[in-house]
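Contents: one structure, followed by commentary.
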Amino acid sequence: MFVADYLETSLLDWEGKISCVLFLSGCNFRCPWCQNKELALGKAENKISVTDIINKFKNKKSWIDGFVITGGEPTINAGLKNIISEIKNNGFSVKIDTNGSRPDVIKDIVSSGMVDFISMDIKTSLDKTKYDIACGVSVDLSAINKTVDILLNINPYVGVSFRTTVVPGITDVEDVKEIIKKIKNKKYSIQKFIPRNTLDEKYSGIEPYTEAEIKEMKEFEGKENINRLVTL
């Protein structure tokens, strides 16, 4: 059981909790604006022992509340369930970040009671053409919708949130409105795109939305679903 990298403590990756963040290498999307280029392309090797990381916290459980498993895309990693089991067996909570492309994996780990929180990235409105552009590959939109439906109807013991990185030319205020309609009353956060280390170098030259434009995205019916603005 190995990961590509980890962040010992974070206050941002699991709202209201102090977490250790584990990064898995490899992703099935190629979002041109992605800022985790090495992880997305699988160039960062998964060679850091999860057991060694957990051992650092065994006698210091007051330091963190749980582990966040992110990527890349965790659900394409064959060792994901083993990593989750190792964390849970040592008495820690688990949060998964996902792009929603593997509903079978999400359903499995949820029904097995393996996770405490799931956060899904919705790239833009659920339009096939727009989603393919946002993800840089041809996306099975039925899989994305299935994952959303799973999370909308999840057992109440599992926390759920959705989020969108708003990138000019990919996601606008109308897209945000459509996403909020889709996710109903679930928590939703907007992340402001910062043009650095992007997968497609052209996106490093894109001017991000201004704070005023971000504010506009929150000022419509349903805005109470947006719980915070995150700037990376």
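Letters A, B, ... go to the chains of the structure tokens in the order shown; residues in each chain start at 1; ligands are counted from 1 in the same order.
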
Distance query Ala44 of chain A at most 7 Å, only C-alpha atoms, self and fewer than 3 positions along chain excluded, as a short mmCIF file (atom, residue, chain, number, x, y, z; two decimals) with all heavy atoms, in the first residue's frame:
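out.cif, freshly written:
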data_model
loop_
_atom_site.label_atom_id
_atom_site.label_comp_id
_atom_site.auth_asym_id
_atom_site.auth_seq_id
_atom_site.Cartn_x
_atom_site.Cartn_y
_atom_site.Cartn_z
N ALA A 4 1.77 8.51 -3.55
CA ALA A 4 2.81 9.30 -4.22
C ALA A 4 3.38 10.38 -3.30
O ALA A 4 4.55 10.73 -3.38
CB ALA A 4 2.26 9.93 -5.48
N SER A 25 -1.26 8.74 -7.25
CA SER A 25 -0.87 9.15 -8.60
C SER A 25 -1.73 8.45 -9.65
O SER A 25 -2.09 7.28 -9.50
CB SER A 25 0.60 8.82 -8.84
OG SER A 25 1.06 9.35 -10.06
N GLU A 38 1.72 16.31 -12.41
CA GLU A 38 2.48 15.09 -12.23
C GLU A 38 1.60 13.95 -11.72
O GLU A 38 1.74 12.80 -12.14
CB GLU A 38 3.65 15.32 -11.26
CG GLU A 38 4.77 16.19 -11.83
CD GLU A 38 4.40 17.67 -11.91
OE1 GLU A 38 3.46 18.08 -11.18
OE2 GLU A 38 5.03 18.40 -12.69
N LEU A 39 0.67 14.29 -10.82
CA LEU A 39 -0.25 13.27 -10.30
C LEU A 39 -1.23 12.83 -11.38
O LEU A 39 -1.51 11.64 -11.54
CB LEU A 39 -1.02 13.81 -9.09
CG LEU A 39 -0.21 14.02 -7.81
CD1 LEU A 39 -1.05 14.76 -6.78
CD2 LEU A 39 0.25 12.69 -7.25
#

Please, which residues of segment 14-231 of chain A, numbered as in this document, come out strand (DSSP E) from DSSP, as a ChimeraX atom specification? /A:19-23,48-49,66-70,93-98,117-121,159-166,187-192,226-231

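Considering only C-alpha atoms, the residue among A:Ala78, A:Ile18, A:Cys34, A:Val68 positioned nearest to Asn46 of chain A is A:Ala78.
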
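Note that the spacing between atom CA of Phe29 of chain A and atom CA of Asp132 of chain A amounts to 9.3 Å.
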
Could you please write out, as a PDB file with C-alpha atoms, in the first residue's frame, every residue of segment 17-48 of chain A that DSSP assigns to alpha helix (DSSP H)?
ATOM      1  CA  LYS A  37       0.091  17.745 -13.495  1.00  0.00           C
ATOM      2  CA  GLU A  38       2.484  15.089 -12.226  1.00  0.00           C
ATOM      3  CA  LEU A  39      -0.251  13.273 -10.302  1.00  0.00           C
ATOM      4  CA  ALA A  40      -2.737  13.455 -13.174  1.00  0.00           C
TER       5      ALA A  40
END

I'd like a table as CSV: residues in segment 159-194 of chain A with an atom no more than 12 Å from segment 91-108 of chain A, each row giving the shortest atom pair and its distance in Å to one decimal, only C-alpha atoms counted, sorted by chain and rising residue number.
residue,atom,partner,partner_atom,distance
A:Gly159,CA,A:Lys95,CA,8.7
A:Val160,CA,A:Lys95,CA,9.5
A:Ser161,CA,A:Asp97,CA,9.6
A:Phe162,CA,A:Asp97,CA,9.6
A:Arg163,CA,A:Asn99,CA,10.0
A:Thr164,CA,A:Asn99,CA,10.4
A:Thr165,CA,A:Asn99,CA,11.9

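Using only C-alpha atoms, the smallest distance between any of A:Lys146, A:Ile180, A:Asp65, A:Lys88 and Ser125 of chain A comes from A:Ile180.
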
Can you tell me, as a list in words, what residues are no more than 10 Å from Ser142 of chain A when counting only C-alpha atoms, ignoring any on the same chain fewer than 2 positions away? Ser101, Pro103, Leu126, Lys128, Val139, Asp140, Ile144, Asn145, Lys146, Thr147 and Val148 of chain A

Would you write out those residues with N, CA, C and O atoms, as a CSV table (one decimal), in the first residue's frame?
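Once written, again18.csv looks like this:
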chain,number,residue,atom,x,y,z
A,101,SER,N,-16.2,9.4,-11.7
A,101,SER,CA,-16.2,8.6,-13.0
A,101,SER,C,-16.4,7.1,-12.7
A,101,SER,O,-16.6,6.3,-13.6
A,103,PRO,N,-18.7,5.1,-10.4
A,103,PRO,CA,-19.8,4.9,-9.5
A,103,PRO,C,-19.8,3.5,-8.8
A,103,PRO,O,-20.2,3.4,-7.7
A,126,LEU,N,-23.8,19.5,-16.6
A,126,LEU,CA,-23.7,18.1,-17.1
A,126,LEU,C,-24.2,18.0,-18.6
A,126,LEU,O,-25.2,17.3,-18.9
A,128,LYS,N,-22.7,16.9,-22.3
A,128,LYS,CA,-21.7,16.1,-22.8
A,128,LYS,C,-20.5,16.8,-23.5
A,128,LYS,O,-19.4,16.6,-23.2
A,139,VAL,N,-16.0,11.7,-21.8
A,139,VAL,CA,-16.5,11.2,-20.5
A,139,VAL,C,-17.8,10.5,-20.6
A,139,VAL,O,-18.7,10.8,-21.4
A,140,ASP,N,-17.9,9.4,-19.8
A,140,ASP,CA,-19.1,8.7,-19.7
A,140,ASP,C,-20.0,9.4,-18.8
A,140,ASP,O,-19.9,9.3,-17.5
A,144,ILE,N,-21.1,9.7,-14.4
A,144,ILE,CA,-21.0,10.9,-13.6
A,144,ILE,C,-22.4,11.1,-12.9
A,144,ILE,O,-22.5,11.4,-11.7
A,145,ASN,N,-23.4,11.0,-13.7
A,145,ASN,CA,-24.8,11.2,-13.1
A,145,ASN,C,-25.1,10.1,-12.1
A,145,ASN,O,-25.8,10.4,-11.1
A,146,LYS,N,-24.7,8.9,-12.4
A,146,LYS,CA,-24.9,7.8,-11.4
A,146,LYS,C,-24.2,8.1,-10.1
A,146,LYS,O,-24.8,7.8,-9.0
A,147,THR,N,-23.0,8.6,-10.1
A,147,THR,CA,-22.3,8.9,-8.9
A,147,THR,C,-23.0,10.0,-8.1
A,147,THR,O,-23.2,9.9,-6.9
A,148,VAL,N,-23.5,11.0,-8.8
A,148,VAL,CA,-24.2,12.1,-8.2
A,148,VAL,C,-25.5,11.5,-7.5
A,148,VAL,O,-25.8,11.9,-6.4

Determine, counting only C-alpha atoms, which protein, DNA and RNA residues have an atom within 12 Å of an atom of Thr129 of chain A; residues of the same chain fewer than 6 positions away are not included. Present the result as a PDB file with all heavy atoms, in the first residue's frame.
ATOM      1  N   CYS A 135     -12.878  18.037 -19.143  1.00  0.00           N
ATOM      2  CA  CYS A 135     -12.087  16.901 -18.660  1.00  0.00           C
ATOM      3  C   CYS A 135     -10.964  16.496 -19.608  1.00  0.00           C
ATOM      4  O   CYS A 135     -10.114  15.678 -19.246  1.00  0.00           O
ATOM      5  CB  CYS A 135     -12.994  15.706 -18.406  1.00  0.00           C
ATOM      6  SG  CYS A 135     -14.229  16.002 -17.132  1.00  0.00           S
ATOM      7  N   GLY A 136     -10.972  17.036 -20.823  1.00  0.00           N
ATOM      8  CA  GLY A 136      -9.905  16.726 -21.772  1.00  0.00           C
ATOM      9  C   GLY A 136      -9.969  15.337 -22.358  1.00  0.00           C
ATOM     10  O   GLY A 136      -9.043  14.904 -23.056  1.00  0.00           O
ATOM     11  N   VAL A 137     -11.046  14.608 -22.084  1.00  0.00           N
ATOM     12  CA  VAL A 137     -11.257  13.263 -22.625  1.00  0.00           C
ATOM     13  C   VAL A 137     -12.750  13.087 -22.867  1.00  0.00           C
ATOM     14  O   VAL A 137     -13.565  13.890 -22.401  1.00  0.00           O
ATOM     15  CB  VAL A 137     -10.769  12.156 -21.661  1.00  0.00           C
ATOM     16  CG1 VAL A 137      -9.269  12.216 -21.456  1.00  0.00           C
ATOM     17  CG2 VAL A 137     -11.505  12.234 -20.324  1.00  0.00           C
ATOM     18  N   SER A 138     -13.111  12.019 -23.568  1.00  0.00           N
ATOM     19  CA  SER A 138     -14.523  11.686 -23.727  1.00  0.00           C
ATOM     20  C   SER A 138     -15.017  11.046 -22.434  1.00  0.00           C
ATOM     21  O   SER A 138     -14.496  10.017 -22.006  1.00  0.00           O
ATOM     22  CB  SER A 138     -14.719  10.721 -24.902  1.00  0.00           C
ATOM     23  OG  SER A 138     -16.082  10.367 -25.036  1.00  0.00           O
ATOM     24  N   VAL A 139     -16.003  11.659 -21.826  1.00  0.00           N
ATOM     25  CA  VAL A 139     -16.466  11.241 -20.506  1.00  0.00           C
ATOM     26  C   VAL A 139     -17.769  10.457 -20.621  1.00  0.00           C
ATOM     27  O   VAL A 139     -18.658  10.806 -21.414  1.00  0.00           O
ATOM     28  CB  VAL A 139     -16.696  12.481 -19.604  1.00  0.00           C
ATOM     29  CG1 VAL A 139     -17.247  12.069 -18.245  1.00  0.00           C
ATOM     30  CG2 VAL A 139     -15.388  13.245 -19.434  1.00  0.00           C
ATOM     31  N   ASP A 140     -17.874   9.394 -19.836  1.00  0.00           N
ATOM     32  CA  ASP A 140     -19.132   8.661 -19.714  1.00  0.00           C
ATOM     33  C   ASP A 140     -20.020   9.445 -18.754  1.00  0.00           C
ATOM     34  O   ASP A 140     -19.923   9.294 -17.538  1.00  0.00           O
ATOM     35  CB  ASP A 140     -18.868   7.249 -19.179  1.00  0.00           C
ATOM     36  CG  ASP A 140     -20.158   6.433 -19.025  1.00  0.00           C
ATOM     37  OD1 ASP A 140     -21.245   6.977 -19.308  1.00  0.00           O
ATOM     38  OD2 ASP A 140     -20.055   5.272 -18.589  1.00  0.00           O
ATOM     39  N   LEU A 141     -20.859  10.295 -19.324  1.00  0.00           N
ATOM     40  CA  LEU A 141     -21.666  11.192 -18.497  1.00  0.00           C
ATOM     41  C   LEU A 141     -22.696  10.423 -17.661  1.00  0.00           C
ATOM     42  O   LEU A 141     -23.092  10.874 -16.590  1.00  0.00           O
ATOM     43  CB  LEU A 141     -22.366  12.228 -19.371  1.00  0.00           C
ATOM     44  CG  LEU A 141     -22.666  13.577 -18.705  1.00  0.00           C
ATOM     45  CD1 LEU A 141     -21.412  14.214 -18.148  1.00  0.00           C
ATOM     46  CD2 LEU A 141     -23.330  14.512 -19.698  1.00  0.00           C
ATOM     47  N   ILE A 170     -14.842  27.475 -19.387  1.00  0.00           N
ATOM     48  CA  ILE A 170     -15.316  26.121 -19.090  1.00  0.00           C
ATOM     49  C   ILE A 170     -16.549  26.147 -18.194  1.00  0.00           C
ATOM     50  O   ILE A 170     -17.529  25.452 -18.447  1.00  0.00           O
ATOM     51  CB  ILE A 170     -14.200  25.273 -18.440  1.00  0.00           C
ATOM     52  CG1 ILE A 170     -13.138  24.937 -19.490  1.00  0.00           C
ATOM     53  CG2 ILE A 170     -14.767  24.001 -17.807  1.00  0.00           C
ATOM     54  CD1 ILE A 170     -11.994  24.108 -18.982  1.00  0.00           C
TER      55      ILE A 170
END

Which residues, written as a tab-separated table (two decimals) with N, CA and C atoms, in the first residue's frame, have at least one atom at most 9 Å from Asn197 of chain A, with only C-alpha atoms counted and residues fewer than 4 positions away on the same chain left out?
chain	number	residue	atom	x	y	z
A	33	TRP	N	-6.87	22.43	-17.26
A	33	TRP	CA	-6.57	23.42	-16.23
A	33	TRP	C	-6.07	22.79	-14.94
A	34	CYS	N	-5.94	21.46	-14.92
A	34	CYS	CA	-5.51	20.76	-13.70
A	34	CYS	C	-4.16	21.27	-13.22
A	35	GLN	N	-4.07	21.46	-11.90
A	35	GLN	CA	-2.84	21.99	-11.31
A	35	GLN	C	-2.00	20.91	-10.63
A	36	ASN	N	-2.44	19.66	-10.76
A	36	ASN	CA	-1.66	18.54	-10.23
A	36	ASN	C	-1.13	17.70	-11.39
A	37	LYS	N	-0.35	18.34	-12.23
A	37	LYS	CA	0.09	17.74	-13.50
A	37	LYS	C	0.78	16.40	-13.31
A	201	GLU	N	-0.40	24.01	-20.95
A	201	GLU	CA	0.29	25.26	-20.67
A	201	GLU	C	-0.49	26.49	-21.08
A	203	TYR	N	-3.44	27.17	-20.47
A	203	TYR	CA	-4.31	27.60	-19.38
A	203	TYR	C	-3.56	28.39	-18.32
A	204	SER	N	-2.24	28.36	-18.38
A	204	SER	CA	-1.46	29.19	-17.45
A	204	SER	C	-1.59	30.67	-17.79

Coordinates-based distance that separates atom CA of Asn77 of chain A from atom CA of Ser10 of chain A (Å, one decimal): 22.8 Å

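In this model, the gap between atom CA of Ser111 of chain A and atom CA of Leu7 of chain A comes to 28.0 Å.
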
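Minimum atom-to-atom distance to Glu8 of chain A, evaluated using only C-alpha atoms, belongs to A:Lys56 out of A:Lys182, A:Lys43, A:Arg30, A:Lys56.
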
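The smallest atom-to-atom distance between Ile122 of chain A and any of A:Met217, A:Ile183, A:Leu12, A:Leu22, using only C-alpha atoms, is found for A:Ile183.
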
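Proximity ranking of A:Thr51, A:Asp5, A:Pro32, A:Glu15 relative to Ile69 of chain A places A:Asp5 first, based on only C-alpha atoms.
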